[in-house]
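Working notes, beginning with the structure itself.
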Amino acid sequence: MTRPAYTSLAPLALAAFLSACASTPATPPPAPVSAPTPAPTPPSGQAPVASAPQSAMPSALSFAGLAGWAEEDHLAALNAFRAGCGVSRDPAATRVCGLAKATKDLDVSGAKAFIEANFRVEAVGGGGDGLLTAYFAPQYEARMSRNAEFSAPLRGLPADLVVLDLGPFEPALVGKKITGHVEGSTFVPYPDRAEIEATPSDKPLAWMRPEELFFLQIQGSGVLVLPDGRRVRAVFAGTNGKPFVGIAIAMRDKGLLPDNNTSAEAIRTWLAEHRGPEADAIMRLNPRYVFFRTVPDDGKEPAGAAGVALPPGRAIAVDPGHHAYGGFYWLDAAAPKLVGAFPVYRRAVTALDTGGAIKGEVRADLYMGSGAAAGVEAGRVRHTLRLYRLTPNP
């Protein structure tokens with residue numbers, strides 16, 4: 001999706017996206033945000049575990065040494081690989097992808113044997129710790145005209161916004177882009193969130209609650225539900241080129257939220273309860289602004305930056321500077337930082353997306369699916385991550 005994390009749906013994550021990216025359901029859960037709540041069951045069917053220490057990998061990496069490998073749903077893992085492997089440009093991955101798609105009627109044990117025979121385990125980042133967050137495809141109420149509650153315009157890509165590729169001007173800058181607009185005869189940076197929001201929108205695509213628009217911009221895509229029942233998808237169209245700045249740490253440091261409860265649901269609830277100048281000031285700490293286009297909602301899962309529909313619980317957004325789309329990985333994530341979080345996420349996933357807050361080698365953002373329940377779970381994911389690449393054998 002591209003998220004600013006969806007660029008195809010355009011890719012940001014949740015608690016970590018709000019401290020590095022975040023998202024929340026349209027309707028907050030009934031429990032008070034400060035109270036611990038039971039951890040939800042992850043969408044892949046992973047069984048709960050009583051304790052979740054991250055075991056050290058043996059020096060010789062093997063599937064048997066992966067914590068949680070024996071309990072994995074290997075057929076679901078292989079199906080996730082099949083869904084996304086076609087985008088890979090690696091010859092070995094292309095070969096194994098063809099085998100996987102040609103191999104029919106495998107059961108769980110057959111899928112396990114296939115994976116173990118055709119892949120090898122490699123530690124990413126030398127086996128060091130990183131960060132797992134999560135994101136989802138939200139659904140929000142919207143209106144076609146403004147009122148006191150629905151006061152934030154969903155803006156389309158401005159006609160004056162220009163993304164300039166610097167590569168043709170300087171070989172050392174190949175791949176570097178800047179975003180701005182022309183003032184007189186000068187190319188200048190595009191305005192930040194505060195300045196954009198201070199400018200009236202001449203042709204808004206819809207009107208939303210301010211805090212929900214903020215979260216939609218973090219997620220990069222979502223479904224808008226109108227009063228007459230119509231549903232339209234808001235799709236990432238571009239940004240103002242400013243860096244993403246999470247607000248969770250600032251809210252904690254200002255004493256607005258406790259350190260262990262800066263989940264997306266807690267942040268969204270606070271913003272809704274303080275809607276107006278107070279909430280606006282917090283949201284404007286993030287200068288990045290995302291623009292959208294709208295398309296009919298087909299009811300399907302959104303596509304990630306790789307152009308492939310994201311399988312819930314089995315797709316991750318990664319930093320494309322370190323990982324290729326279509327890559328197959330094993331997540332070993334434990335030691336959650338937020339109240340109510342599921343203790344571990346251990347599963348095979350495919351890299352199909354990216355996001356503005358997803359930077360670094362041992363960094364992943366797990367796609368949870370669509371709707372409120374996925375949003376609640378995604379908002380609680382901020383786990384210490386060990387990441388393993390399942391590399392196709394030549």
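FYI, nothing fancy with the structure tokens labels: chains A, B, ... in order, residues from 1 per chain, ligands from 1 as they appear.
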
Name the residues of stretch 64-292 of chain A that come out as strand (DSSP E) in a backbone DSSP run; write them as a ChimeraX atom specification. /A:119-123,130-137,139-141,152-154,162-165,177-183,186-189,206-208,221-225,231-239,290-292

Which neighbours of A:Val295 fall inside 7 Å, counting only C-alpha atoms, when residues of the same chain fewer than 5 positions from it are skipped, and could you give them as a PyMOL selection string? chain A and resi 232-234

Quick one: DSSP helix (DSSP H, G or I) residues in stretch 80-316 of chain A, as an MDAnalysis selection string? chainID A and resid 80:87 91:102 108:118 124:127 171:173 193:197 210:219 248:253 264:273 277:283

Compile the contact shell of A:Arg120 as number ranges by chain: residues with an atom at most 7 Å away, counting only C-alpha atoms, same-chain residues fewer than 5 positions apart removed. A: 390-393

Grab the residues selected above and save them as a PDB file, in the first residue's frame with N, CA and C atoms.
ATOM      1  N   LEU A 390      14.466 -16.238   4.847  1.00  0.00           N
ATOM      2  CA  LEU A 390      14.368 -17.598   4.323  1.00  0.00           C
ATOM      3  C   LEU A 390      14.765 -17.522   2.852  1.00  0.00           C
ATOM      4  N   THR A 391      15.998 -17.836   2.598  1.00  0.00           N
ATOM      5  CA  THR A 391      16.593 -17.621   1.285  1.00  0.00           C
ATOM      6  C   THR A 391      16.417 -18.841   0.396  1.00  0.00           C
ATOM      7  N   PRO A 392      15.886 -18.675  -0.817  1.00  0.00           N
ATOM      8  CA  PRO A 392      15.706 -19.822  -1.722  1.00  0.00           C
ATOM      9  C   PRO A 392      17.051 -20.455  -2.073  1.00  0.00           C
ATOM     10  N   ASN A 393      17.070 -21.780  -2.095  1.00  0.00           N
ATOM     11  CA  ASN A 393      18.280 -22.472  -2.534  1.00  0.00           C
ATOM     12  C   ASN A 393      18.456 -22.287  -4.039  1.00  0.00           C
TER      13      ASN A 393
END
